[in-house]
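Coordinates from protein_36.cif are shown below (mmCIF, C-alpha atoms).
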data_protein
#
loop_
_atom_site.group_PDB
_atom_site.id
_atom_site.type_symbol
_atom_site.label_atom_id
_atom_site.label_comp_id
_atom_site.auth_asym_id
_atom_site.auth_seq_id
_atom_site.Cartn_x
_atom_site.Cartn_y
_atom_site.Cartn_z
ATOM 1 C CA MET A 21 -6.672 4.437 23.942
ATOM 2 C CA VAL A 22 -3.632 3.793 21.745
ATOM 3 C CA PRO A 23 -1.674 7.042 21.312
ATOM 4 C CA LEU A 24 -1.284 8.560 17.859
ATOM 5 C CA SER A 25 2.453 7.821 17.917
ATOM 6 C CA GLY A 26 1.726 4.082 18.061
ATOM 7 C CA TYR A 27 -0.021 4.195 14.704
ATOM 8 C CA LEU A 28 2.597 6.522 13.214
ATOM 9 C CA ILE A 29 5.466 4.252 14.295
ATOM 10 C CA LEU A 30 3.694 1.253 12.734
ATOM 11 C CA SER A 31 3.225 3.302 9.570
ATOM 12 C CA ALA A 32 6.935 4.251 9.521
ATOM 13 C CA ILE A 33 8.002 0.615 10.007
ATOM 14 C CA LEU A 34 5.714 -0.540 7.184
ATOM 15 C CA PHE A 35 7.029 2.177 4.879
ATOM 16 C CA SER A 36 10.644 1.232 5.639
ATOM 17 C CA ILE A 37 9.894 -2.443 4.957
ATOM 18 C CA GLY A 38 8.444 -1.373 1.598
ATOM 19 C CA VAL A 39 11.545 0.693 0.775
ATOM 20 C CA VAL A 40 13.926 -2.141 1.746
ATOM 21 C CA GLY A 41 11.877 -4.601 -0.340
ATOM 22 C CA PHE A 42 12.013 -2.267 -3.303
ATOM 23 C CA LEU A 43 15.788 -1.892 -3.011
ATOM 24 C CA LEU A 44 16.552 -5.583 -2.437
ATOM 25 C CA ARG A 45 14.292 -7.497 -4.767
ATOM 26 C CA ARG A 46 14.817 -8.047 -8.480
ATOM 27 C CA ASN A 47 11.412 -9.473 -9.436
ATOM 28 C CA ALA A 48 9.277 -6.713 -10.938
ATOM 29 C CA ILE A 49 6.050 -8.095 -9.451
ATOM 30 C CA VAL A 50 7.519 -8.136 -5.936
ATOM 31 C CA LEU A 51 8.693 -4.548 -6.520
ATOM 32 C CA PHE A 52 5.062 -3.647 -7.206
ATOM 33 C CA MET A 53 4.012 -5.372 -3.982
ATOM 34 C CA SER A 54 6.594 -3.269 -2.105
ATOM 35 C CA ILE A 55 5.048 -0.132 -3.608
ATOM 36 C CA GLU A 56 1.638 -1.286 -2.396
ATOM 37 C CA LEU A 57 3.123 -1.714 1.092
ATOM 38 C CA MET A 58 4.407 1.874 1.025
ATOM 39 C CA LEU A 59 1.027 3.193 -0.164
ATOM 40 C CA ASN A 60 -0.660 1.320 2.676
ATOM 41 C CA ALA A 61 1.754 2.819 5.197
ATOM 42 C CA ALA A 62 0.771 6.282 3.963
ATOM 43 C CA ASN A 63 -2.915 5.331 4.167
ATOM 44 C CA LEU A 64 -2.466 4.224 7.769
ATOM 45 C CA ALA A 65 -0.920 7.577 8.690
ATOM 46 C CA PHE A 66 -3.788 9.384 6.934
ATOM 47 C CA VAL A 67 -6.468 7.452 8.813
ATOM 48 C CA ALA A 68 -4.660 7.833 12.162
ATOM 49 C CA PHE A 69 -4.405 11.612 11.737
ATOM 50 C CA SER A 70 -8.017 11.752 10.593
ATOM 51 C CA ARG A 71 -9.087 10.023 13.812
ATOM 52 C CA TYR A 72 -6.962 12.071 16.184
ATOM 53 C CA LEU A 73 -7.561 15.464 14.561
ATOM 54 C CA HIS A 74 -11.340 14.912 14.313
ATOM 55 C CA SER A 75 -11.434 15.413 10.567
ATOM 56 C CA MET A 76 -12.742 13.186 7.785
ATOM 57 C CA ASP A 77 -10.431 14.548 5.084
ATOM 58 C CA GLY A 78 -7.845 11.854 5.796
ATOM 59 C CA GLN A 79 -10.308 9.080 5.059
ATOM 60 C CA ILE A 80 -11.369 10.784 1.824
ATOM 61 C CA PHE A 81 -7.720 10.968 0.795
ATOM 62 C CA VAL A 82 -7.314 7.258 1.504
ATOM 63 C CA PHE A 83 -10.228 6.660 -0.861
ATOM 64 C CA PHE A 84 -8.417 8.563 -3.620
ATOM 65 C CA VAL A 85 -5.078 6.864 -2.871
ATOM 66 C CA MET A 86 -6.780 3.489 -3.253
ATOM 67 C CA SER A 87 -8.267 4.374 -6.628
ATOM 68 C CA VAL A 88 -4.879 5.637 -7.850
ATOM 69 C CA ALA A 89 -3.255 2.444 -6.539
ATOM 70 C CA ALA A 90 -5.795 0.351 -8.451
ATOM 71 C CA ALA A 91 -5.087 2.269 -11.675
ATOM 72 C CA GLU A 92 -1.328 2.010 -11.102
ATOM 73 C CA ALA A 93 -1.500 -1.753 -10.473
ATOM 74 C CA ALA A 94 -3.550 -2.340 -13.636
ATOM 75 C CA VAL A 95 -1.234 -0.333 -15.897
ATOM 76 C CA GLY A 96 1.951 -1.550 -14.193
ATOM 77 C CA LEU A 97 1.017 -5.202 -14.483
ATOM 78 C CA ALA A 98 0.121 -4.671 -18.145
ATOM 79 C CA ILE A 99 3.609 -3.194 -18.681
ATOM 80 C CA ILE A 100 5.167 -6.192 -16.892
ATOM 81 C CA MET A 101 3.232 -8.526 -19.178
ATOM 82 C CA ALA A 102 4.404 -6.626 -22.262
ATOM 83 C CA VAL A 103 8.018 -6.785 -21.015
ATOM 84 C CA PHE A 104 7.699 -10.496 -20.268
ATOM 85 C CA ARG A 105 6.399 -11.122 -23.779
ATOM 86 C CA THR A 106 9.483 -9.601 -25.402
ATOM 87 C CA LYS A 107 12.218 -10.433 -22.872
ATOM 88 C CA GLU A 108 10.871 -13.668 -21.291
ATOM 89 C CA THR A 109 11.845 -12.386 -17.870
ATOM 90 C CA VAL A 110 10.584 -10.047 -15.177
ATOM 91 C CA ASN A 111 13.985 -9.590 -13.586
ATOM 92 C CA VAL A 112 14.583 -5.844 -13.549
ATOM 93 C CA ASP A 113 18.361 -6.292 -13.917
ATOM 94 C CA GLU A 114 17.925 -7.909 -17.318
ATOM 95 C CA VAL A 115 15.590 -5.206 -18.601
ATOM 96 C CA ASN A 116 18.269 -2.599 -19.218
ATOM 97 C CA LEU A 117 17.856 -1.412 -22.796
ATOM 98 C CA MET A 118 17.084 2.128 -21.696
ATOM 99 C CA LYS A 119 19.929 2.189 -19.209
ATOM 100 C CA TRP A 120 22.664 4.573 -20.169
ATOM 101 C CA MET B 9 -7.000 -1.893 27.565
ATOM 102 C CA LEU B 10 -8.648 -4.292 25.150
ATOM 103 C CA GLU B 11 -8.069 -1.809 22.339
ATOM 104 C CA THR B 12 -4.347 -1.667 23.129
ATOM 105 C CA ALA B 13 -4.133 -5.464 23.167
ATOM 106 C CA PHE B 14 -5.889 -5.682 19.793
ATOM 107 C CA PHE B 15 -3.624 -2.987 18.378
ATOM 108 C CA ILE B 16 -0.450 -4.758 19.531
ATOM 109 C CA VAL B 17 -1.557 -8.116 18.108
ATOM 110 C CA LEU B 18 -2.574 -6.576 14.754
ATOM 111 C CA ALA B 19 0.553 -4.393 14.536
ATOM 112 C CA VAL B 20 2.907 -7.317 15.210
ATOM 113 C CA ALA B 21 1.040 -9.467 12.662
ATOM 114 C CA THR B 22 1.201 -6.646 10.098
ATOM 115 C CA VAL B 23 4.950 -6.145 10.496
ATOM 116 C CA ILE B 24 5.761 -9.878 10.439
ATOM 117 C CA THR B 25 3.687 -10.564 7.319
ATOM 118 C CA ALA B 26 5.092 -7.444 5.617
ATOM 119 C CA ILE B 27 8.638 -8.729 6.243
ATOM 120 C CA LEU B 28 7.614 -12.157 4.914
ATOM 121 C CA VAL B 29 6.350 -10.457 1.723
ATOM 122 C CA ILE B 30 9.794 -9.132 0.875
ATOM 123 C CA VAL B 31 11.841 -12.203 1.891
ATOM 124 C CA GLN B 32 9.767 -14.887 0.152
ATOM 125 C CA ARG B 33 11.331 -16.312 -2.999
ATOM 126 C CA ASN B 34 8.069 -17.465 -4.519
ATOM 127 C CA PRO B 35 5.989 -14.483 -5.769
ATOM 128 C CA VAL B 36 2.731 -16.352 -5.072
ATOM 129 C CA ALA B 37 3.709 -16.707 -1.404
ATOM 130 C CA SER B 38 4.594 -12.997 -1.334
ATOM 131 C CA ALA B 39 1.148 -12.147 -2.700
ATOM 132 C CA ILE B 40 -0.618 -14.328 -0.119
ATOM 133 C CA TYR B 41 1.340 -12.733 2.738
ATOM 134 C CA LEU B 42 0.521 -9.289 1.336
ATOM 135 C CA ILE B 43 -3.183 -10.188 1.431
ATOM 136 C CA ILE B 44 -2.814 -11.128 5.126
ATOM 137 C CA THR B 45 -1.051 -7.781 5.717
ATOM 138 C CA PHE B 46 -4.004 -5.974 4.123
ATOM 139 C CA PHE B 47 -6.474 -7.848 6.329
ATOM 140 C CA CYS B 48 -4.503 -6.886 9.458
ATOM 141 C CA LEU B 49 -4.478 -3.254 8.273
ATOM 142 C CA ALA B 50 -8.252 -3.435 7.788
ATOM 143 C CA GLY B 51 -8.495 -4.509 11.442
ATOM 144 C CA ILE B 52 -6.369 -1.518 12.452
ATOM 145 C CA TYR B 53 -8.673 0.785 10.452
ATOM 146 C CA LEU B 54 -11.596 -0.643 12.420
ATOM 147 C CA LEU B 55 -9.756 0.215 15.654
ATOM 148 C CA LEU B 56 -9.391 3.754 14.292
ATOM 149 C CA GLN B 57 -13.169 3.906 13.815
ATOM 150 C CA ALA B 58 -12.974 3.998 10.023
ATOM 151 C CA PRO B 59 -15.247 1.097 9.031
ATOM 152 C CA PHE B 60 -15.769 2.341 5.468
ATOM 153 C CA ILE B 61 -12.014 2.439 4.826
ATOM 154 C CA ALA B 62 -11.643 -1.002 6.430
ATOM 155 C CA VAL B 63 -14.260 -2.472 4.098
ATOM 156 C CA ILE B 64 -12.860 -0.949 0.909
ATOM 157 C CA GLN B 65 -9.387 -2.042 2.049
ATOM 158 C CA VAL B 66 -10.617 -5.636 1.967
ATOM 159 C CA LEU B 67 -12.731 -5.195 -1.183
ATOM 160 C CA VAL B 68 -10.355 -3.149 -3.326
ATOM 161 C CA TYR B 69 -6.905 -4.120 -2.068
ATOM 162 C CA ALA B 70 -7.255 -7.688 -0.813
ATOM 163 C CA GLY B 71 -9.998 -8.445 -3.320
ATOM 164 C CA ALA B 72 -9.393 -6.663 -6.596
ATOM 165 C CA ILE B 73 -5.741 -5.585 -6.685
ATOM 166 C CA MET B 74 -4.239 -8.734 -5.189
ATOM 167 C CA VAL B 75 -6.367 -10.997 -7.404
ATOM 168 C CA LEU B 76 -4.962 -9.019 -10.345
ATOM 169 C CA PHE B 77 -1.433 -9.649 -9.037
ATOM 170 C CA LEU B 78 -2.110 -13.370 -8.603
ATOM 171 C CA PHE B 79 -3.613 -13.593 -12.094
ATOM 172 C CA VAL B 80 -0.538 -11.989 -13.640
ATOM 173 C CA ILE B 81 1.790 -14.282 -11.674
ATOM 174 C CA MET B 82 -0.172 -17.303 -12.898
ATOM 175 C CA LEU B 83 -0.280 -16.003 -16.492
ATOM 176 C CA LEU B 84 3.460 -15.366 -16.615
ATOM 177 C CA ASN B 85 4.098 -18.839 -15.191
ATOM 178 C CA LEU B 86 6.981 -17.575 -13.107
ATOM 179 C CA GLU B 87 9.240 -20.036 -11.438
ATOM 180 C CA LYS B 88 10.995 -19.317 -8.225
ATOM 181 C CA GLU B 89 13.930 -17.000 -8.642
ATOM 182 C CA LYS B 90 16.679 -19.433 -9.427
ATOM 183 C CA LYS B 91 19.497 -17.077 -8.775
ATOM 184 C CA PRO B 92 19.781 -15.876 -5.212
ATOM 185 C CA ILE B 93 17.428 -12.983 -4.561
ATOM 186 C CA LEU B 94 20.361 -10.639 -4.145
ATOM 187 C CA ARG B 95 23.166 -10.354 -6.622
ATOM 188 C CA HIS B 96 25.662 -8.459 -4.585
ATOM 189 C CA ARG B 97 26.279 -8.568 -0.911
ATOM 190 C CA LEU B 98 27.066 -4.843 -1.192
ATOM 191 C CA SER B 99 23.626 -3.948 -2.567
ATOM 192 C CA LYS B 100 22.002 -6.040 0.165
ATOM 193 C CA THR B 101 23.860 -4.285 2.967
ATOM 194 C CA LEU B 102 23.289 -0.885 1.371
ATOM 195 C CA GLY B 103 19.580 -1.528 0.942
ATOM 196 C CA VAL B 104 19.038 -2.606 4.544
ATOM 197 C CA LEU B 105 21.219 0.258 5.751
ATOM 198 C CA LEU B 106 19.164 2.794 3.787
ATOM 199 C CA GLY B 107 15.967 1.339 5.213
ATOM 200 C CA VAL B 108 17.271 1.630 8.776
ATOM 201 C CA VAL B 109 18.462 5.206 8.141
ATOM 202 C CA LEU B 110 15.023 6.109 6.741
ATOM 203 C CA LEU B 111 13.292 4.589 9.762
ATOM 204 C CA ALA B 112 15.604 6.495 12.130
ATOM 205 C CA GLN B 113 14.945 9.734 10.258
ATOM 206 C CA ILE B 114 11.173 9.298 10.502
ATOM 207 C CA GLY B 115 11.540 8.421 14.202
ATOM 208 C CA ILE B 116 13.573 11.568 14.898
ATOM 209 C CA LEU B 117 10.984 13.591 12.977
ATOM 210 C CA PHE B 118 8.203 12.224 15.175
ATOM 211 C CA GLN B 119 10.026 13.267 18.317
ATOM 212 C CA SER B 120 11.121 16.698 17.195
ATOM 213 C CA VAL B 121 8.053 17.999 15.352
ATOM 214 C CA LEU B 122 4.903 18.788 17.241
ATOM 215 C CA LEU B 123 2.369 16.496 15.600
ATOM 216 C CA GLY B 124 -0.976 18.127 15.852
ATOM 217 C CA GLY B 125 -3.162 20.825 14.464
ATOM 218 C CA MET B 126 -6.504 22.463 14.669
ATOM 219 C CA PRO B 127 -9.211 19.916 15.507
ATOM 220 C CA GLY B 128 -11.539 19.468 12.576
ATOM 221 C CA LYS B 129 -15.305 19.559 12.278
ATOM 222 C CA PHE B 130 -15.970 15.866 12.866
ATOM 223 C CA PRO B 131 -15.423 14.683 16.450
ATOM 224 C CA PRO B 132 -16.033 10.933 16.949
ATOM 225 C CA GLU B 133 -19.431 11.472 18.622
ATOM 226 C CA LYS B 134 -20.760 13.443 15.640
ATOM 227 C CA VAL B 135 -19.446 10.854 13.154
ATOM 228 C CA ALA B 136 -20.968 8.057 15.239
ATOM 229 C CA ALA B 137 -24.305 9.864 15.279
ATOM 230 C CA LEU B 138 -24.345 10.532 11.522
ATOM 231 C CA GLY B 139 -22.671 7.292 10.428
ATOM 232 C CA ASN B 140 -19.121 7.048 9.081
ATOM 233 C CA THR B 141 -20.055 6.087 5.518
ATOM 234 C CA GLU B 142 -22.710 8.789 5.304
ATOM 235 C CA VAL B 143 -20.262 11.493 6.375
ATOM 236 C CA ILE B 144 -17.703 10.326 3.783
ATOM 237 C CA ALA B 145 -20.349 10.159 1.052
ATOM 238 C CA ARG B 146 -21.623 13.642 1.872
ATOM 239 C CA LEU B 147 -18.092 15.077 1.732
ATOM 240 C CA LEU B 148 -17.255 13.204 -1.490
ATOM 241 C CA PHE B 149 -20.221 14.646 -3.327
ATOM 242 C CA THR B 150 -19.874 18.194 -1.986
ATOM 243 C CA ASP B 151 -16.387 19.395 -1.000
ATOM 244 C CA PHE B 152 -14.472 16.766 -2.968
ATOM 245 C CA LEU B 153 -16.696 16.530 -6.039
ATOM 246 C CA LEU B 154 -14.042 17.653 -8.549
ATOM 247 C CA PRO B 155 -11.347 15.163 -7.394
ATOM 248 C CA PHE B 156 -14.037 12.483 -7.364
ATOM 249 C CA GLU B 157 -14.926 13.176 -11.005
ATOM 250 C CA ILE B 158 -11.256 13.348 -12.001
ATOM 251 C CA THR B 159 -10.824 9.891 -10.432
ATOM 252 C CA SER B 160 -13.368 8.494 -12.891
ATOM 253 C CA VAL B 161 -11.348 9.904 -15.809
ATOM 254 C CA LEU B 162 -8.170 8.408 -14.289
ATOM 255 C CA LEU B 163 -9.783 4.980 -14.039
ATOM 256 C CA LEU B 164 -10.990 5.212 -17.654
ATOM 257 C CA VAL B 165 -7.443 6.077 -18.794
ATOM 258 C CA ALA B 166 -6.096 3.151 -16.756
ATOM 259 C CA ILE B 167 -8.581 0.730 -18.347
ATOM 260 C CA ILE B 168 -7.712 1.839 -21.882
ATOM 261 C CA GLY B 169 -3.980 1.906 -21.105
ATOM 262 C CA ALA B 170 -4.004 -1.593 -19.632
ATOM 263 C CA ILE B 171 -5.867 -2.998 -22.643
ATOM 264 C CA VAL B 172 -3.566 -1.283 -25.154
ATOM 265 C CA LEU B 173 -0.427 -2.429 -23.317
ATOM 266 C CA ALA B 174 -1.517 -6.019 -22.761
ATOM 267 C CA LYS B 175 -2.857 -6.578 -26.279
ATOM 268 C CA ARG B 176 -0.525 -8.370 -28.665
ATOM 269 C CA GLN B 177 -1.520 -6.446 -31.759
ATOM 270 C CA ILE B 178 -3.606 -3.322 -31.764
#
The structure given in the file should be rewritten as structure tokens.
Amino acid sequence: MVPLSGYLILSAILFSIGVVGFLLRRNAIVLFMSIELMLNAANLAFVAFSRYLHSMDGQIFVFFVMSVAAAEAAVGLAIIMAVFRTKETVNVDEVNLMKW
Amino acid sequence: MLETAFFIVLAVATVITAILVIVQRNPVASAIYLIITFFCLAGIYLLLQAPFIAVIQVLVYAGAIMVLFLFVIMLLNLEKEKKPILRHRLSKTLGVLLGVVLLAQIGILFQSVLLGGMPGKFPPEKVAALGNTEVIARLLFTDFLLPFEITSVLLLVAIIGAIVLAKRQI
């Protein structure tokens, strides 16, 4: 059987890839995809702990995380569309009106 | 033995496709690679004996959320990023450096903290006897009923918010 640490290391690597993607990219849609990667890394850790600690709570939490991710993607993409309509770009460097 | 082999194949595929997501210039290609990542993760959930989570991973993430992403990319008619992905070499190095530092921190945490706890009420044999989906459903409608109901309100707010934001004139 694969040890728990195997799953946790995979989860940590996925989360770090998400963070690096979020810091490097300038396209708002790709930033959202990086956030989804990070959420999935957290989900993986939840399910792994749920399996190895003999508890179902982790899987229930993953269910809630997924519904929140769906809501976040819907609202976030609507915001991106509204920004694109006024600024004609989704580059986050050019959307800086609220930057001090 | 077979389980380990499956895990290694799926884990390597997950990491490679996740890296491809963040280095692709074309957002459509990023989205497709992200869908492959989600499928690999669904396979890993199956290895962890969580078939319900694996199925909703494919249905909700790979199906619903990523189709939404692809629709928005198509609607916005985005071209490839003309400028190089990264503006400054400094921000690139800093970003990668921060990622590596984060990974190292999590790794150190794994080694130093005793990861464990009290075993819960659902050992694999019991879950296998009752059925994974049935156990989750029973918990959702008993212990987790309030969060479950709040989720429905959250989804309603998200629907209304998305319509209001995406509409040209209210």
Please provide the set of residues having any atom within 8 Å of Gly169 in chain B, restricted to only C-alpha atoms, with same-chain residues fewer than 4 positions apart removed, written as a ChimeraX atom specification. /A:95 /B:165,173
Convert the current residue selection to file output with C-alpha atoms, as a PDB file, in the frame of the given file.
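Below is the file that was written, part13.pdb:
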ATOM      1  CA  VAL A  95      -1.234  -0.333 -15.897  1.00  0.00           C
TER       2      VAL A  95
ATOM      3  CA  VAL B 165      -7.443   6.077 -18.794  1.00  0.00           C
ATOM      4  CA  LEU B 173      -0.427  -2.429 -23.317  1.00  0.00           C
TER       5      LEU B 173
END
Define the interface residues of chain A facing chain B as those within 6 Å, counting all atoms listed in the file, and report them as a PyMOL selection string. chain A and resi 22+36+40-41+43+73-75+91+95+98+102
Record the distance separating CA of Leu51 in chain A and CA of Glu92 in chain A, expressed in Å with one decimal. 12.8 Å
Quick one: apply the PyMOL selection byres ((chain A and resi 34) around 8) to the file and drop the selected residues here as JSON, numbers by chain. {"A": [30, 31, 32, 33, 35, 36, 37, 38, 57, 58, 61], "B": [23, 26]}
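Closest approach to Tyr27 in chain A among A:Asn63, A:Phe42, A:Ile55, A:Ala68 is made by A:Ala68 (distances from only C-alpha atoms).
If you measure from each of A:Ile49, A:Leu44, A:Ile29, A:Leu59 to Ala90 in chain A using only C-alpha atoms, the closest one turns out to be A:Leu59.
A straight line drawn from CA of Leu28 in chain A to CA of Ile44 in chain B is 20.2 Å long.
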Model the absent atoms of range 109-132 of chain B so that N, CA and C atoms are present, and write the result as an mmCIF file, in the frame of the given file.
data_model
loop_
_atom_site.group_PDB
_atom_site.id
_atom_site.type_symbol
_atom_site.label_atom_id
_atom_site.label_comp_id
_atom_site.auth_asym_id
_atom_site.auth_seq_id
_atom_site.Cartn_x
_atom_site.Cartn_y
_atom_site.Cartn_z
ATOM 1 N N VAL B 109 18.249 3.751 8.047
ATOM 2 C CA VAL B 109 18.462 5.206 8.141
ATOM 3 C C VAL B 109 17.137 5.938 7.960
ATOM 4 N N LEU B 110 16.333 5.477 6.984
ATOM 5 C CA LEU B 110 15.023 6.109 6.741
ATOM 6 C C LEU B 110 14.140 6.011 7.976
ATOM 7 N N LEU B 111 14.112 4.800 8.566
ATOM 8 C CA LEU B 111 13.292 4.589 9.762
ATOM 9 C C LEU B 111 13.739 5.510 10.891
ATOM 10 N N ALA B 112 15.079 5.626 11.077
ATOM 11 C CA ALA B 112 15.604 6.495 12.130
ATOM 12 C C ALA B 112 15.220 7.944 11.876
ATOM 13 N N GLN B 113 15.300 8.353 10.583
ATOM 14 C CA GLN B 113 14.945 9.734 10.258
ATOM 15 C C GLN B 113 13.480 10.015 10.598
ATOM 16 N N ILE B 114 12.595 9.082 10.206
ATOM 17 C CA ILE B 114 11.173 9.298 10.502
ATOM 18 C C ILE B 114 10.961 9.334 12.011
ATOM 19 N N GLY B 115 11.675 8.436 12.753
ATOM 20 C CA GLY B 115 11.540 8.421 14.202
ATOM 21 C C GLY B 115 11.950 9.735 14.830
ATOM 22 N N ILE B 116 13.099 10.286 14.360
ATOM 23 C CA ILE B 116 13.573 11.568 14.898
ATOM 24 C C ILE B 116 12.559 12.662 14.592
ATOM 25 N N LEU B 117 11.984 12.598 13.373
ATOM 26 C CA LEU B 117 10.984 13.591 12.977
ATOM 27 C C LEU B 117 9.792 13.561 13.924
ATOM 28 N N PHE B 118 9.354 12.347 14.294
ATOM 29 C CA PHE B 118 8.203 12.224 15.175
ATOM 30 C C PHE B 118 8.481 12.875 16.523
ATOM 31 N N GLN B 119 9.735 12.746 16.987
ATOM 32 C CA GLN B 119 10.026 13.267 18.317
ATOM 33 C C GLN B 119 10.229 14.772 18.314
ATOM 34 N N SER B 120 10.746 15.284 17.172
ATOM 35 C CA SER B 120 11.121 16.698 17.195
ATOM 36 C C SER B 120 9.969 17.601 16.778
ATOM 37 N N VAL B 121 9.120 17.134 15.861
ATOM 38 C CA VAL B 121 8.053 17.999 15.352
ATOM 39 C C VAL B 121 6.808 17.800 16.194
ATOM 40 N N LEU B 122 6.148 18.873 16.498
ATOM 41 C CA LEU B 122 4.903 18.788 17.241
ATOM 42 C C LEU B 122 3.817 18.300 16.291
ATOM 43 N N LEU B 123 3.375 17.052 16.495
ATOM 44 C CA LEU B 123 2.369 16.496 15.600
ATOM 45 C C LEU B 123 0.993 16.876 16.121
ATOM 46 N N GLY B 124 0.351 17.733 15.417
ATOM 47 C CA GLY B 124 -0.976 18.127 15.852
ATOM 48 C C GLY B 124 -1.517 19.173 14.920
ATOM 49 N N GLY B 125 -2.569 19.804 15.305
ATOM 50 C CA GLY B 125 -3.162 20.825 14.464
ATOM 51 C C GLY B 125 -4.502 21.217 15.018
ATOM 52 N N MET B 126 -5.177 22.057 14.249
ATOM 53 C CA MET B 126 -6.504 22.463 14.669
ATOM 54 C C MET B 126 -7.453 21.278 14.578
ATOM 55 N N PRO B 127 -8.232 20.996 15.633
ATOM 56 C CA PRO B 127 -9.211 19.916 15.507
ATOM 57 C C PRO B 127 -10.251 20.255 14.446
ATOM 58 N N GLY B 128 -10.618 19.237 13.679
ATOM 59 C CA GLY B 128 -11.539 19.468 12.576
ATOM 60 C C GLY B 128 -12.991 19.490 13.019
ATOM 61 N N LYS B 129 -13.879 19.369 12.021
ATOM 62 C CA LYS B 129 -15.305 19.559 12.278
ATOM 63 C C LYS B 129 -16.016 18.268 12.660
ATOM 64 N N PHE B 130 -15.281 17.143 12.671
ATOM 65 C CA PHE B 130 -15.970 15.866 12.866
ATOM 66 C C PHE B 130 -15.437 15.100 14.069
ATOM 67 N N PRO B 131 -15.803 15.488 15.289
ATOM 68 C CA PRO B 131 -15.423 14.683 16.450
ATOM 69 C C PRO B 131 -16.104 13.328 16.393
ATOM 70 N N PRO B 132 -15.507 12.302 17.063
ATOM 71 C CA PRO B 132 -16.033 10.933 16.949
ATOM 72 C C PRO B 132 -17.522 10.815 17.278
#
